[in-house]
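Visitor: What follows is protein-v9.txt, compact mmCIF, C-alpha atoms (C1' of nucleotides).
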# COMPACT_ATOMS: atom_id res chain seq x y z
CA MET A 18 179.36 -84.78 140.40
CA PRO A 19 178.03 -83.41 137.23
CA GLU A 20 178.24 -86.23 134.71
CA LEU A 21 177.61 -86.15 131.00
CA PRO A 22 173.83 -85.55 131.18
CA GLU A 23 174.23 -82.64 133.57
CA VAL A 24 176.87 -80.99 131.39
CA GLU A 25 174.72 -81.53 128.31
CA THR A 26 171.83 -79.92 130.17
CA ILE A 27 174.01 -76.96 131.08
CA LYS A 28 175.17 -76.64 127.48
CA ARG A 29 171.66 -76.61 126.06
CA GLY A 30 170.29 -74.30 128.70
CA LEU A 31 173.10 -71.77 128.74
CA SER A 32 173.26 -71.62 124.94
CA LYS A 33 169.86 -69.98 124.87
CA PHE A 34 171.03 -67.20 127.16
CA ILE A 35 174.69 -66.42 126.59
CA ILE A 36 175.47 -66.89 122.88
CA LYS A 37 176.21 -63.57 121.16
CA GLN A 38 176.78 -61.83 124.45
CA ARG A 39 179.95 -59.85 125.05
CA ILE A 40 182.07 -60.42 128.15
CA LYS A 41 182.17 -57.09 129.94
CA ASN A 42 184.20 -58.01 132.97
CA ILE A 43 185.57 -60.97 134.92
CA GLU A 44 186.04 -61.18 138.65
CA ILE A 45 188.23 -63.96 139.99
CA LEU A 46 187.53 -64.73 143.64
CA CYS A 47 189.68 -67.88 143.72
CA GLU A 48 192.89 -67.93 141.71
CA LYS A 49 193.01 -71.68 141.15
CA SER A 50 189.53 -71.67 139.62
CA PHE A 51 190.61 -69.60 136.60
CA VAL A 52 193.73 -70.78 134.77
CA GLY A 53 195.50 -70.79 131.42
CA ALA A 54 195.69 -67.05 130.83
CA PRO A 55 194.95 -63.81 132.66
CA LYS A 56 191.37 -62.62 132.51
CA SER A 57 192.43 -59.87 130.10
CA ALA A 58 192.75 -62.60 127.43
CA ILE A 59 188.97 -62.93 127.21
CA SER A 60 187.66 -59.63 128.46
CA GLY A 61 185.78 -57.88 125.68
CA ALA A 62 185.34 -61.05 123.62
CA THR A 63 181.96 -62.28 122.44
CA ILE A 64 180.58 -65.78 123.04
CA ILE A 65 179.93 -67.53 119.73
CA GLY A 66 179.07 -71.09 120.72
CA LEU A 67 179.05 -73.89 123.26
CA ARG A 68 180.30 -77.45 122.89
CA ARG A 69 180.71 -80.46 125.12
CA PHE A 70 183.44 -83.11 125.24
CA GLY A 71 182.48 -85.79 127.74
CA LYS A 72 182.04 -83.90 131.01
CA ALA A 73 183.92 -80.83 129.79
CA LEU A 74 182.04 -77.76 128.58
CA ILE A 75 183.62 -75.50 125.97
CA ILE A 76 182.63 -71.88 125.47
CA ASP A 77 184.00 -70.57 122.17
CA LEU A 78 184.81 -66.89 121.85
CA ASP A 79 185.27 -64.65 118.82
CA ASN A 80 188.96 -63.96 119.55
CA GLU A 81 190.35 -67.44 118.76
CA LYS A 82 190.08 -68.36 122.43
CA SER A 83 187.87 -70.88 124.19
CA LEU A 84 187.02 -71.53 127.80
CA MET A 85 187.16 -75.13 128.94
CA ILE A 86 185.04 -75.58 132.04
CA HIS A 87 185.19 -78.73 134.13
CA LEU A 88 182.86 -78.83 137.12
CA ARG A 89 184.47 -81.92 138.70
CA MET A 90 182.66 -82.80 141.93
CA THR A 91 180.88 -79.67 143.09
CA GLY A 92 180.89 -77.12 140.28
CA GLN A 93 177.85 -75.14 139.24
CA LEU A 94 177.13 -72.60 136.55
CA ILE A 95 174.39 -70.14 137.28
CA TYR A 96 173.15 -67.45 134.93
CA ASP A 97 171.25 -64.47 136.23
CA PRO A 98 169.72 -62.28 133.55
CA GLN A 99 169.67 -58.58 134.32
CA ASP A 100 165.94 -58.63 134.98
CA ARG A 101 166.51 -61.49 137.46
CA LYS A 102 163.27 -63.07 136.32
CA GLU A 103 164.53 -66.49 135.32
CA ARG A 104 167.72 -67.79 136.85
CA TYR A 105 169.25 -70.73 135.03
CA ALA A 106 171.25 -72.96 137.37
CA ALA A 107 172.81 -76.32 136.67
CA GLY A 108 175.56 -78.57 137.91
CA HIS A 109 176.06 -79.86 141.41
CA PRO A 110 172.58 -79.90 142.92
CA SER A 111 172.19 -77.98 146.11
CA GLU A 112 169.86 -75.75 148.00
CA ASN A 113 171.99 -72.72 147.31
CA PHE A 114 170.85 -72.57 143.71
CA LEU A 115 168.33 -70.29 145.35
CA ASP A 116 170.91 -68.19 147.20
CA GLN A 117 171.75 -64.62 146.72
CA LEU A 118 174.78 -64.44 144.47
CA PRO A 119 177.67 -64.23 144.77
CA ASN A 120 177.87 -66.52 147.79
CA LYS A 121 180.60 -68.25 149.79
CA GLN A 122 181.18 -70.80 147.03
CA THR A 123 181.38 -68.35 144.15
CA ARG A 124 184.83 -68.58 142.52
CA VAL A 125 184.49 -66.64 139.27
CA ILE A 126 182.00 -64.01 138.14
CA ILE A 127 181.67 -63.34 134.42
CA GLU A 128 179.70 -60.21 133.66
CA LEU A 129 177.99 -60.33 130.28
CA LYS A 130 176.15 -57.66 128.38
CA ASN A 131 172.71 -58.75 129.58
CA GLY A 132 173.40 -60.75 132.69
CA THR A 133 175.93 -62.46 134.93
CA LEU A 134 177.40 -65.95 134.86
CA TYR A 135 178.55 -67.33 138.21
CA PHE A 136 180.95 -70.25 138.59
CA ASN A 137 180.40 -71.78 142.01
CA ASP A 138 182.47 -74.66 143.34
CA GLN A 139 182.50 -75.71 146.96
CA ARG A 140 185.55 -77.96 146.83
CA LYS A 141 187.56 -76.00 144.25
CA PHE A 142 188.33 -79.10 142.16
CA GLY A 143 186.70 -77.61 139.09
CA PHE A 144 188.15 -74.87 136.91
CA ILE A 145 187.75 -72.54 133.98
CA LYS A 146 190.72 -72.76 131.64
CA VAL A 147 191.52 -70.35 128.81
CA LEU A 148 192.76 -72.14 125.67
CA GLU A 149 193.49 -71.33 122.06
CA THR A 150 190.47 -72.63 120.18
CA ALA A 151 192.74 -74.15 117.56
CA LYS A 152 194.65 -76.07 120.22
CA LEU A 153 191.68 -77.59 122.04
CA ALA A 154 192.38 -81.03 120.64
CA GLU A 155 195.85 -80.94 122.19
CA GLU A 156 194.48 -80.42 125.67
CA PRO A 157 195.36 -83.65 127.55
CA PHE A 158 191.86 -84.30 128.93
CA ILE A 159 190.27 -83.92 125.50
CA LYS A 160 193.07 -85.66 123.66
CA LYS A 161 192.81 -88.79 125.83
CA LEU A 162 189.00 -88.78 126.01
CA ALA A 163 187.37 -91.99 124.78
CA PRO A 164 184.25 -92.06 122.58
CA GLU A 165 180.89 -91.64 124.32
CA PRO A 166 178.46 -94.60 124.53
CA TRP A 167 176.75 -93.44 121.32
CA ASN A 168 179.97 -93.71 119.33
CA ILE A 169 182.01 -96.50 120.88
CA THR A 170 181.91 -99.92 119.25
CA PRO A 171 181.60 -103.11 121.32
CA GLU A 172 184.91 -104.22 119.77
CA GLU A 173 186.73 -101.16 121.06
CA LEU A 174 185.28 -101.48 124.55
CA CYS A 175 186.01 -105.22 124.63
CA ARG A 176 189.61 -104.61 123.69
CA LYS A 177 190.01 -101.98 126.43
CA LEU A 178 188.36 -104.20 129.05
CA GLN A 179 190.82 -106.96 128.23
CA LYS A 180 193.68 -104.49 128.55
CA HIS A 181 192.46 -103.70 132.08
CA GLN A 182 191.38 -107.25 132.82
CA ASN A 183 192.27 -107.14 136.52
CA SER A 184 190.44 -103.94 137.37
CA PRO A 185 186.85 -104.06 138.58
CA ILE A 186 184.36 -103.18 135.84
CA LYS A 187 183.10 -100.21 137.87
CA ALA A 188 186.59 -98.69 137.82
CA THR A 189 187.06 -99.20 134.09
CA ILE A 190 183.77 -97.64 133.03
CA LEU A 191 184.50 -94.62 135.24
CA ASP A 192 187.76 -94.13 133.33
CA GLN A 193 187.13 -91.37 130.78
CA THR A 194 189.87 -92.70 128.51
CA ILE A 195 187.99 -96.01 128.21
CA ILE A 196 184.42 -94.77 127.72
CA ALA A 197 183.40 -91.13 128.17
CA GLY A 198 180.61 -89.62 130.18
CA LEU A 199 179.86 -91.97 133.04
CA GLY A 200 180.36 -90.85 136.63
CA ASN A 201 179.54 -92.53 139.89
CA ILE A 202 175.75 -92.36 139.52
CA TYR A 203 175.38 -93.50 135.94
CA ALA A 204 178.09 -96.16 136.35
CA ASP A 205 176.07 -97.77 139.17
CA GLU A 206 172.81 -97.42 137.25
CA THR A 207 174.35 -98.85 134.08
CA LEU A 208 175.76 -101.91 135.87
CA PHE A 209 172.43 -102.49 137.62
CA MET A 210 170.56 -102.43 134.31
CA SER A 211 173.20 -104.72 132.84
CA LYS A 212 172.95 -107.14 135.81
CA ILE A 213 176.70 -107.03 136.39
CA HIS A 214 178.30 -106.97 139.83
CA PRO A 215 180.48 -103.84 140.09
CA SER A 216 183.47 -105.81 141.42
CA THR A 217 183.55 -108.17 138.45
CA LYS A 218 186.99 -108.19 136.87
CA SER A 219 186.86 -106.44 133.51
CA GLY A 220 188.50 -109.44 131.87
CA GLN A 221 185.49 -111.58 132.84
CA ILE A 222 182.99 -109.38 131.03
CA THR A 223 181.47 -111.18 128.05
CA LYS A 224 180.80 -109.77 124.61
CA ALA A 225 177.07 -109.71 125.33
CA GLN A 226 177.66 -107.90 128.62
CA THR A 227 179.87 -105.36 126.88
CA GLU A 228 177.06 -104.65 124.45
CA ALA A 229 174.63 -104.36 127.36
CA ILE A 230 176.87 -101.83 129.13
CA ILE A 231 176.99 -99.62 126.04
CA LYS A 232 173.26 -99.86 125.42
CA ASN A 233 172.29 -99.25 129.02
CA ALA A 234 174.72 -96.37 129.45
CA ARG A 235 173.00 -94.72 126.49
CA THR A 236 169.54 -95.41 127.86
CA VAL A 237 170.24 -94.18 131.36
CA MET A 238 171.94 -90.99 130.19
CA GLU A 239 169.38 -90.23 127.49
CA LYS A 240 166.62 -90.56 130.03
CA SER A 241 168.41 -88.15 132.32
CA ILE A 242 169.10 -85.61 129.56
CA ASP A 243 165.44 -85.74 128.56
CA SER A 244 164.46 -84.75 132.09
CA GLY A 245 167.04 -82.00 132.26
CA GLY A 246 169.72 -83.88 134.14
CA SER A 247 169.66 -84.83 137.77
CA THR A 248 169.99 -81.22 138.65
CA LEU A 249 167.88 -78.17 139.16
CA LYS A 250 167.51 -75.90 136.22
CA ASP A 251 165.06 -73.15 136.61
CA TYR A 252 164.67 -70.82 139.52
CA LYS A 253 160.92 -71.26 139.75
CA LYS A 254 160.91 -75.02 139.26
CA ALA A 255 163.79 -75.40 141.67
CA ASP A 256 161.63 -73.86 144.30
CA GLY A 257 159.11 -76.68 144.15
CA THR A 258 161.21 -79.69 143.23
CA LYS A 259 164.36 -79.11 145.29
CA GLY A 260 166.72 -82.01 144.83
CA ASP A 261 164.42 -85.00 144.64
CA TYR A 262 164.96 -85.68 140.96
CA LEU A 263 167.85 -88.06 141.59
CA ASP A 264 165.80 -90.00 144.13
CA LYS A 265 163.08 -90.62 141.59
CA PHE A 266 165.43 -91.32 138.75
CA ALA A 267 167.89 -93.69 140.42
CA GLN A 268 167.18 -97.39 140.84
CA VAL A 269 170.19 -98.17 143.03
CA PHE A 270 172.26 -95.01 143.53
CA ASN A 271 172.00 -93.90 147.15
CA LYS A 272 169.29 -96.54 147.70
CA GLN A 273 171.22 -98.71 150.15
CA GLY A 274 168.88 -100.33 152.68
CA GLN A 275 165.91 -100.03 150.33
CA PRO A 276 164.34 -102.84 148.29
CA CYS A 277 165.52 -103.42 144.73
CA PRO A 278 162.86 -102.17 142.29
CA VAL A 279 163.12 -105.46 140.40
CA CYS A 280 163.37 -108.20 143.03
CA LYS A 281 162.89 -106.45 146.40
CA THR A 282 166.25 -107.63 147.73
CA ILE A 283 167.86 -104.96 149.91
CA ILE A 284 170.27 -102.76 147.96
CA LYS A 285 173.81 -102.82 149.31
CA LYS A 286 176.50 -100.17 149.38
CA ILE A 287 180.15 -101.18 149.18
CA LYS A 288 183.39 -99.51 148.16
CA VAL A 289 184.81 -100.25 144.73
CA ALA A 290 187.71 -98.38 143.18
CA GLY A 291 187.59 -96.00 146.13
CA ARG A 292 184.05 -94.94 145.33
CA GLY A 293 180.74 -95.61 147.06
CA THR A 294 179.05 -98.28 144.97
CA HIS A 295 175.40 -99.34 145.07
CA PHE A 296 174.04 -102.62 143.73
CA CYS A 297 171.47 -105.36 144.16
CA PRO A 298 173.11 -108.54 145.51
CA ARG A 299 170.52 -110.70 143.76
CA CYS A 300 170.22 -109.03 140.34
CA GLN A 301 173.97 -108.43 140.16
CA LYS A 302 175.51 -111.71 141.32
CA GLU A 303 179.26 -111.84 141.69
CA LYS A 304 180.87 -114.26 139.29
CA LYS A 305 183.72 -116.29 140.79
C1' DC B 102 202.59 -100.92 131.04
C1' DT B 103 198.60 -101.64 134.88
C1' DA B 104 196.56 -101.22 139.59
C1' DG B 105 195.59 -98.91 143.63
C1' DG B 106 195.98 -95.39 146.85
C1' DA B 107 196.81 -90.50 148.04
C1' DT B 108 195.67 -86.01 146.81
C1' DC B 109 193.45 -81.47 145.70
C1' DC B 110 189.44 -78.61 149.03
C1' DT B 111 185.25 -77.49 151.76
C1' DG B 112 181.40 -78.99 154.23
C1' DT B 113 178.32 -82.18 156.62
C1' DC B 114 177.09 -85.87 159.41
C1' DA B 115 177.54 -89.75 162.77
C1' DG B 116 179.59 -91.13 166.97
C1' DC B 117 181.88 -90.37 171.23
C1' DT C 216 179.07 -78.69 172.82
C1' DG C 217 183.35 -79.95 170.68
C1' DC C 218 186.22 -83.10 168.65
C1' DT C 219 187.22 -86.92 165.21
C1' DG C 220 186.95 -89.53 161.24
C1' DA C 221 184.42 -90.82 157.19
C1' DC C 222 182.52 -89.44 153.21
C1' DA C 223 181.37 -86.78 148.94
C1' DG C 224 177.90 -87.42 141.36
C1' DG C 225 186.12 -86.24 139.52
C1' DA C 226 190.46 -86.73 137.70
C1' DT C 227 195.48 -86.70 138.25
C1' DC C 228 199.68 -87.96 140.25
C1' DC C 229 202.71 -91.11 142.57
C1' DT C 230 204.32 -95.57 143.80
C1' DA C 231 204.88 -100.56 143.44
What does the file become when written as structure tokens?
Guide:
Amino acid sequence: MPELPEVETIKRGLSKFIIKQRIKNIEILCEKSFVGAPKSAISGATIIGLRRFGKALIIDLDNEKSLMIHLRMTGQLIYDPQDRKERYAAGHPSENFLDQLPNKQTRVIIELKNGTLYFNDQRKFGFIKVLETAKLAEEPFIKKLAPEPWNITPEELCRKLQKHQNSPIKATILDQTIIAGLGNIYADETLFMSKIHPSTKSGQITKAQTEAIIKNARTVMEKSIDSGGSTLKDYKKADGTKGDYLDKFAQVFNKQGQPCPVCKTIIKKIKVAGRGTHFCPRCQKEKK
DNA sequence: CTAGGATCCTGTCAGC
DNA sequence: TGCTGACAGGATCCTA
């Protein structure tokens, strides 16, 4: 669920609150949500910085350890300051950003000096992993991670698309070892903007289309980051805006049955690479 | 090596 | 109402 823009939003937002705070205590409510080392490995350490690698968030500590957090489909990070005045919540959008915490989906509670950080995750696919800071680059997910759209060259992407010439383009751009950051929403939005049918074989993608994919992936994600991600951020704002950000932002995602914003043709939903895939049959013609 | 499907887990919704 | 299957903003593992 949370894709690159959401994780970037979390990184920026949380940084303001948790850097320089000491970890007082950790409560693990679900064993599989906290891995890599026992909680004693980070208890007492102080947070010194936050980084992001694709969809993975890194919290660096002052004891040579780092936490790698991957929210996968349904993860959320919610920070409650002690005064409870301004809750900062980001990740998988849901009504329960407003809940009392901890709730049924809370998996890990990290008590800081001036507040509490909750890791919520309905489906338990996400995790917090303790790593040696110096060994981050050896972590398989990070090691294999491709460049993000701002850093990848058309030549590199072209070469990888040819390598996976028989896979649908939607599947290849979702692959984090090919290009990093896109998830199901931004993949659909990127292909719509690029006027490419999601089932097109990657080997059929032209040089110009490859360039369009990179450019549009940047545009669509930058736009989302600028608006704070397709997620709710602030307790007070969340109250009024609920989850309608994605609806306003998306041109095709979850718009099946509605007219295409460009040509008014009805948006279709199909399955590609095992994922729900939304596209305009007229703007994104299938090449035979 | 690539391609595609199953899998991890909880919850919701449509259909009978 | 209760059951069933499909589906879900991700990534890995297994098989062919």
Visitor: Which polymer residues, protein or nucleic acid, are no farther than 12 Å from (202.2, -90.9, 144.6), counting only C-alpha atoms (C1' of nucleotides), as a count of residues only?
Guide: 9
Visitor: Do you have, as JSON lines, the list of residues of chain B lying at most 9 Å from chain A, each with its nearest atom pair and that distance in Å to one decimal, counting all atoms listed in the file and ordered by chain then number?
Guide:
{"residue": "B:DT103", "atom": "C1'", "partner": "A:His181", "partner_atom": "CA", "distance": 7.1}
{"residue": "B:DA104", "atom": "C1'", "partner": "A:Ser184", "partner_atom": "CA", "distance": 7.1}
{"residue": "B:DG105", "atom": "C1'", "partner": "A:Ala290", "partner_atom": "CA", "distance": 7.9}
{"residue": "B:DG106", "atom": "C1'", "partner": "A:Gly291", "partner_atom": "CA", "distance": 8.4}
{"residue": "B:DC109", "atom": "C1'", "partner": "A:Phe142", "partner_atom": "CA", "distance": 6.7}
{"residue": "B:DC110", "atom": "C1'", "partner": "A:Arg140", "partner_atom": "CA", "distance": 4.5}
{"residue": "B:DT111", "atom": "C1'", "partner": "A:Arg140", "partner_atom": "CA", "distance": 5.0}
{"residue": "B:DG112", "atom": "C1'", "partner": "A:Gln139", "partner_atom": "CA", "distance": 8.1}
Visitor: Please, what distance in Å, to one decimal, runs between atom CA of A:Thr236 and atom CA of A:Ile190?
Guide: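 Atom CA of A:Ile190 lies at a distance of 15.3 Å from atom CA of A:Thr236.
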Visitor: Excluding B:DG116 and residues on its chain fewer than 3 positions from it, collect all residues at most 12 Å away from it, counting only C-alpha atoms (C1' of nucleotides), and give them as a ChimeraX atom specification.
Guide: /C:218-221
Visitor: For chain A against chain C, which residues fall within 7 Å using all atoms listed in the file, given as a ChimeraX atom specification?
Guide: /A:18-20,89-90,200-202
Visitor: Tell me which protein, DNA and RNA residues are within 12 Å of A:Lys177, counting all atoms listed in the file, leaving out same-chain ones fewer than 3 positions away, and put them as JSON, numbers by chain.
Guide: {"A": [163, 169, 170, 171, 172, 173, 174, 180, 181, 182, 183, 184, 186, 189, 190, 192, 193, 194, 195, 196, 219, 220, 222, 227]}
Visitor: Enter the distance from atom CA of A:Ile75 to atom CA of A:Gly30, in Å, rounded to one decimal.
Guide: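 Computed distance, atom CA of A:Ile75 to atom CA of A:Gly30, equals 13.7 Å.
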Visitor: Mind pulling up the distance from atom CA of A:Lys240 to atom CA of A:Lys212?
Guide: 18.7 Å
